[in-house]
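Peer 1: The structure's right below; bear with me while I get my questions together.
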Amino acid sequence: FGTGKDDPAANAGRLTTDPWSIKVDGMVDNVGTYSFDDLTSGMTLEERIYRFRCVEAWSMVVPWVGFELADLLKRVGVQPSAKYVAFETLVRPEEMIGQKRRTLEWPYREGLRLDEAMHPLTIMATGLYDEPMPKQNGAPIRLVVPWKYGFKSIKSIVRISLTDKQPATSWNMTNGREYGFYSNVNPTVDHPRWSQATERKIG
Ligand SMILES: Nc1nc2c(c(=O)[nH]1)N[C@H]1C(S)=C(S)[C@@H](COP(=O)(O)O)O[C@H]1N2
Ligand SMILES: [Mo]
């Protein structure tokens, strides 16, 4: 990554999030492109304090604001044939300058098995610390799955697809030997290049 003015994180403020639309497609009754407001209106927002654990052995306790992904899935009507949920991030390299480099194959992609997506701990977060989601943390809406490594918690989501096949996911596509589809936090299973037994807690 670049440094100084070319650092992607330092340029996160360039991201425009209004308007924002999210395409919901695949094995759902109500396929469509929804505005952020339409998709999130009426959802019960609550604070969830979760420990967020990156695969690179750091963690941070975060007070997210969000709603259960299950509520969104119920609203769009998941069909019985669906087995997985796939997510995609916005691709807009002029604003997300890290996408000018092919560090990953864009869009950033993630996915969950349907039962994981329906789990009451799995949330769509629209804020943290009682504020709207900051751009660098995935404005306006991101996934948070507290029992999985951080890379599963995809940010700035523009597409949610229901499918019957395990979706391709970004880090798994790039290095499947080191980053599995499931990637549940497990201190007894080391990463091939480092231990997962301990973590560095970030304040
Ligand atoms: N769209 C998108 N989502 C993403 C990533 C990314 O590069 N792009 N990085 C992932 C990784 S590796 C981690 S650890 C977390 C970091 O979340 P944070 O920026 O809120 O700390 O976001 C995850 N979600
Ligand atoms: Mo990460």
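In the structure tokens, each chain is lettered A, B, ... as it comes, each chain's residues begin at 1, and ligands are numbered from 1 in order of appearance.
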Report as JSON lines: every residue of range 13-93 of chain A with an atom at most 12 Å from range 153-166 of chain A, its closest pair of atoms, and their distance in Å to one decimal, counting only C-alpha atoms, with rows sorted by chain and ascending residue number.
Peer 2:
```
{"residue": "A:Leu15", "atom": "CA", "partner": "A:Ser156", "partner_atom": "CA", "distance": 9.7}
{"residue": "A:Thr16", "atom": "CA", "partner": "A:Ser156", "partner_atom": "CA", "distance": 10.6}
{"residue": "A:Thr17", "atom": "CA", "partner": "A:Ser156", "partner_atom": "CA", "distance": 8.7}
{"residue": "A:Asp18", "atom": "CA", "partner": "A:Ser156", "partner_atom": "CA", "distance": 12.0}
{"residue": "A:Pro19", "atom": "CA", "partner": "A:Val158", "partner_atom": "CA", "distance": 11.5}
{"residue": "A:Trp20", "atom": "CA", "partner": "A:Val158", "partner_atom": "CA", "distance": 7.8}
{"residue": "A:Ser21", "atom": "CA", "partner": "A:Val158", "partner_atom": "CA", "distance": 6.3}
{"residue": "A:Ile22", "atom": "CA", "partner": "A:Val158", "partner_atom": "CA", "distance": 4.3}
{"residue": "A:Lys23", "atom": "CA", "partner": "A:Arg159", "partner_atom": "CA", "distance": 4.6}
{"residue": "A:Val24", "atom": "CA", "partner": "A:Ile160", "partner_atom": "CA", "distance": 4.9}
{"residue": "A:Asp25", "atom": "CA", "partner": "A:Ser161", "partner_atom": "CA", "distance": 4.8}
{"residue": "A:Gly26", "atom": "CA", "partner": "A:Leu162", "partner_atom": "CA", "distance": 4.8}
{"residue": "A:Met27", "atom": "CA", "partner": "A:Leu162", "partner_atom": "CA", "distance": 4.9}
{"residue": "A:Val28", "atom": "CA", "partner": "A:Leu162", "partner_atom": "CA", "distance": 6.6}
{"residue": "A:Asp29", "atom": "CA", "partner": "A:Leu162", "partner_atom": "CA", "distance": 10.4}
{"residue": "A:Asn30", "atom": "CA", "partner": "A:Leu162", "partner_atom": "CA", "distance": 11.3}
{"residue": "A:Val31", "atom": "CA", "partner": "A:Ser161", "partner_atom": "CA", "distance": 9.2}
{"residue": "A:Gly32", "atom": "CA", "partner": "A:Arg159", "partner_atom": "CA", "distance": 10.1}
{"residue": "A:Thr33", "atom": "CA", "partner": "A:Arg159", "partner_atom": "CA", "distance": 8.7}
{"residue": "A:Tyr34", "atom": "CA", "partner": "A:Val158", "partner_atom": "CA", "distance": 9.6}
{"residue": "A:Ser35", "atom": "CA", "partner": "A:Val158", "partner_atom": "CA", "distance": 9.9}
{"residue": "A:Phe36", "atom": "CA", "partner": "A:Val158", "partner_atom": "CA", "distance": 9.3}
{"residue": "A:Leu39", "atom": "CA", "partner": "A:Val158", "partner_atom": "CA", "distance": 11.4}
{"residue": "A:Phe52", "atom": "CA", "partner": "A:Ser153", "partner_atom": "CA", "distance": 9.4}
{"residue": "A:Arg53", "atom": "CA", "partner": "A:Ser153", "partner_atom": "CA", "distance": 10.2}
{"residue": "A:Cys54", "atom": "CA", "partner": "A:Ser153", "partner_atom": "CA", "distance": 9.8}
{"residue": "A:Val55", "atom": "CA", "partner": "A:Ser153", "partner_atom": "CA", "distance": 11.5}
{"residue": "A:Leu69", "atom": "CA", "partner": "A:Ile160", "partner_atom": "CA", "distance": 10.8}
{"residue": "A:Leu72", "atom": "CA", "partner": "A:Ile160", "partner_atom": "CA", "distance": 10.4}
{"residue": "A:Leu73", "atom": "CA", "partner": "A:Leu162", "partner_atom": "CA", "distance": 9.3}
{"residue": "A:Val76", "atom": "CA", "partner": "A:Leu162", "partner_atom": "CA", "distance": 10.3}
{"residue": "A:Gly77", "atom": "CA", "partner": "A:Leu162", "partner_atom": "CA", "distance": 10.1}
{"residue": "A:Val78", "atom": "CA", "partner": "A:Leu162", "partner_atom": "CA", "distance": 7.3}
{"residue": "A:Gln79", "atom": "CA", "partner": "A:Leu162", "partner_atom": "CA", "distance": 8.4}
{"residue": "A:Pro80", "atom": "CA", "partner": "A:Asp164", "partner_atom": "CA", "distance": 9.6}
{"residue": "A:Ser81", "atom": "CA", "partner": "A:Asp164", "partner_atom": "CA", "distance": 6.4}
{"residue": "A:Ala82", "atom": "CA", "partner": "A:Asp164", "partner_atom": "CA", "distance": 4.8}
{"residue": "A:Lys83", "atom": "CA", "partner": "A:Asp164", "partner_atom": "CA", "distance": 4.7}
{"residue": "A:Tyr84", "atom": "CA", "partner": "A:Thr163", "partner_atom": "CA", "distance": 5.3}
{"residue": "A:Val85", "atom": "CA", "partner": "A:Leu162", "partner_atom": "CA", "distance": 4.8}
{"residue": "A:Ala86", "atom": "CA", "partner": "A:Ser161", "partner_atom": "CA", "distance": 5.0}
{"residue": "A:Phe87", "atom": "CA", "partner": "A:Ile160", "partner_atom": "CA", "distance": 4.7}
{"residue": "A:Glu88", "atom": "CA", "partner": "A:Arg159", "partner_atom": "CA", "distance": 5.1}
{"residue": "A:Thr89", "atom": "CA", "partner": "A:Ile157", "partner_atom": "CA", "distance": 4.4}
{"residue": "A:Leu90", "atom": "CA", "partner": "A:Val158", "partner_atom": "CA", "distance": 5.6}
{"residue": "A:Val91", "atom": "CA", "partner": "A:Val158", "partner_atom": "CA", "distance": 9.0}
{"residue": "A:Arg92", "atom": "CA", "partner": "A:Ser156", "partner_atom": "CA", "distance": 11.1}
```
Peer 1: If we count only C-alpha atoms, what is near Glu105 in chain A at a cut-off of 9 Å, once residues fewer than 3 positions away on the same chain are taken out, given as a PyMOL selection string?
Peer 2: chain A and resi 99+102+108-109+170+173-174
Peer 1: Would you list the contacts of Phe181 in chain A as a ChimeraX atom specification, taking every protein, DNA or RNA residue within 10 Å and counting only C-alpha atoms, but skipping same-chain residues closer than 3 positions in sequence?
Peer 2: /A:110-113,152,166-173,176,184
Peer 1: Store the residues of this selection in a file with N, CA and C atoms, as an mmCIF file, in the first residue's frame.
Peer 2:
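This is the output file part.cif:
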```cif
data_model
loop_
_atom_site.group_PDB
_atom_site.id
_atom_site.type_symbol
_atom_site.label_atom_id
_atom_site.label_comp_id
_atom_site.auth_asym_id
_atom_site.auth_seq_id
_atom_site.Cartn_x
_atom_site.Cartn_y
_atom_site.Cartn_z
ATOM 1 N N GLU A 110 -17.517 -11.673 0.166
ATOM 2 C CA GLU A 110 -17.572 -12.561 1.325
ATOM 3 C C GLU A 110 -18.848 -13.376 1.283
ATOM 4 N N GLY A 111 -18.951 -14.352 2.178
ATOM 5 C CA GLY A 111 -20.135 -15.195 2.187
ATOM 6 C C GLY A 111 -20.270 -15.955 3.483
ATOM 7 N N LEU A 112 -21.496 -16.378 3.734
ATOM 8 C CA LEU A 112 -21.827 -17.182 4.918
ATOM 9 C C LEU A 112 -22.744 -18.317 4.490
ATOM 10 N N ARG A 113 -22.694 -19.431 5.232
ATOM 11 C CA ARG A 113 -23.722 -20.448 5.071
ATOM 12 C C ARG A 113 -25.016 -19.855 5.629
ATOM 13 N N LYS A 152 -14.034 -11.757 7.314
ATOM 14 C CA LYS A 152 -15.384 -12.171 6.913
ATOM 15 C C LYS A 152 -16.368 -11.005 7.007
ATOM 16 N N GLN A 166 -21.564 -22.647 -2.492
ATOM 17 C CA GLN A 166 -20.652 -21.870 -1.650
ATOM 18 C C GLN A 166 -20.005 -20.774 -2.501
ATOM 19 N N PRO A 167 -20.189 -19.499 -2.114
ATOM 20 C CA PRO A 167 -19.664 -18.429 -2.952
ATOM 21 C C PRO A 167 -18.149 -18.277 -2.848
ATOM 22 N N ALA A 168 -17.551 -17.731 -3.910
ATOM 23 C CA ALA A 168 -16.126 -17.395 -3.891
ATOM 24 C C ALA A 168 -15.942 -16.197 -2.974
ATOM 25 N N THR A 169 -14.911 -16.232 -2.117
ATOM 26 C CA THR A 169 -14.678 -15.162 -1.156
ATOM 27 C C THR A 169 -13.236 -14.665 -1.311
ATOM 28 N N SER A 170 -13.037 -13.370 -1.077
ATOM 29 C CA SER A 170 -11.807 -12.700 -1.531
ATOM 30 C C SER A 170 -10.511 -13.327 -1.034
ATOM 31 N N TRP A 171 -10.349 -13.485 0.283
ATOM 32 C CA TRP A 171 -9.068 -13.993 0.778
ATOM 33 C C TRP A 171 -8.895 -15.474 0.467
ATOM 34 N N ASN A 172 -10.003 -16.194 0.414
ATOM 35 C CA ASN A 172 -9.947 -17.604 0.037
ATOM 36 C C ASN A 172 -9.534 -17.754 -1.427
ATOM 37 N N MET A 173 -10.020 -16.864 -2.300
ATOM 38 C CA MET A 173 -9.629 -16.892 -3.717
ATOM 39 C C MET A 173 -8.137 -16.597 -3.866
ATOM 40 N N GLY A 176 -6.144 -19.732 -0.651
ATOM 41 C CA GLY A 176 -7.054 -20.685 -0.021
ATOM 42 C C GLY A 176 -6.394 -21.562 1.029
ATOM 43 N N ASN A 184 -13.610 -19.671 11.327
ATOM 44 C CA ASN A 184 -14.079 -19.409 12.685
ATOM 45 C C ASN A 184 -12.885 -19.141 13.598
#
```
Peer 1: Could you tell me, as a ChimeraX atom specification, which residues of range 19-194 of chain A DSSP assigns to strand (DSSP E or B) when given the backbone?
Peer 2: /A:21-26,28,32-35,46-53,58-68,78,84-89,109-113,123-128,131-132,142-144,148,157-163,184,191,194
Peer 1: Which one of A:Ser59, A:Thr3, A:Gln136, A:Gln196 sits closest to ligand 2 if you count only C-alpha atoms and all ligand atoms?
Peer 2: A:Ser59
Peer 1: What's around Leu121 in chain A at 8 Å? Count only C-alpha atoms, leave out sequence neighbours fewer than 6 positions away in its own chain, and write the answer as a list of chain:residue names.
Peer 2: A:Glu68, A:Val145, A:Pro146
Peer 1: Point out the residue among A:Thr126, A:Asn137, A:Thr44, A:Ser183 with the least atom-to-atom distance to ligand 1, counting only C-alpha atoms and all ligand atoms.
Peer 2: A:Asn137
Peer 1: Identify all residues of chain A in alpha helix (DSSP H) (DSSP on the backbone) and supply them as a ChimeraX atom specification.
Peer 2: /A:36-40,69-76,114-117,170-174
Peer 1: Could you check the closest approach to Trp147 in chain A for each of A:Arg14, A:Gly127, A:Pro187, A:Pro132 and tell me which residue wins, using only C-alpha atoms?
Peer 2: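 Closest to Trp147 in chain A of all the choices is A:Pro187.
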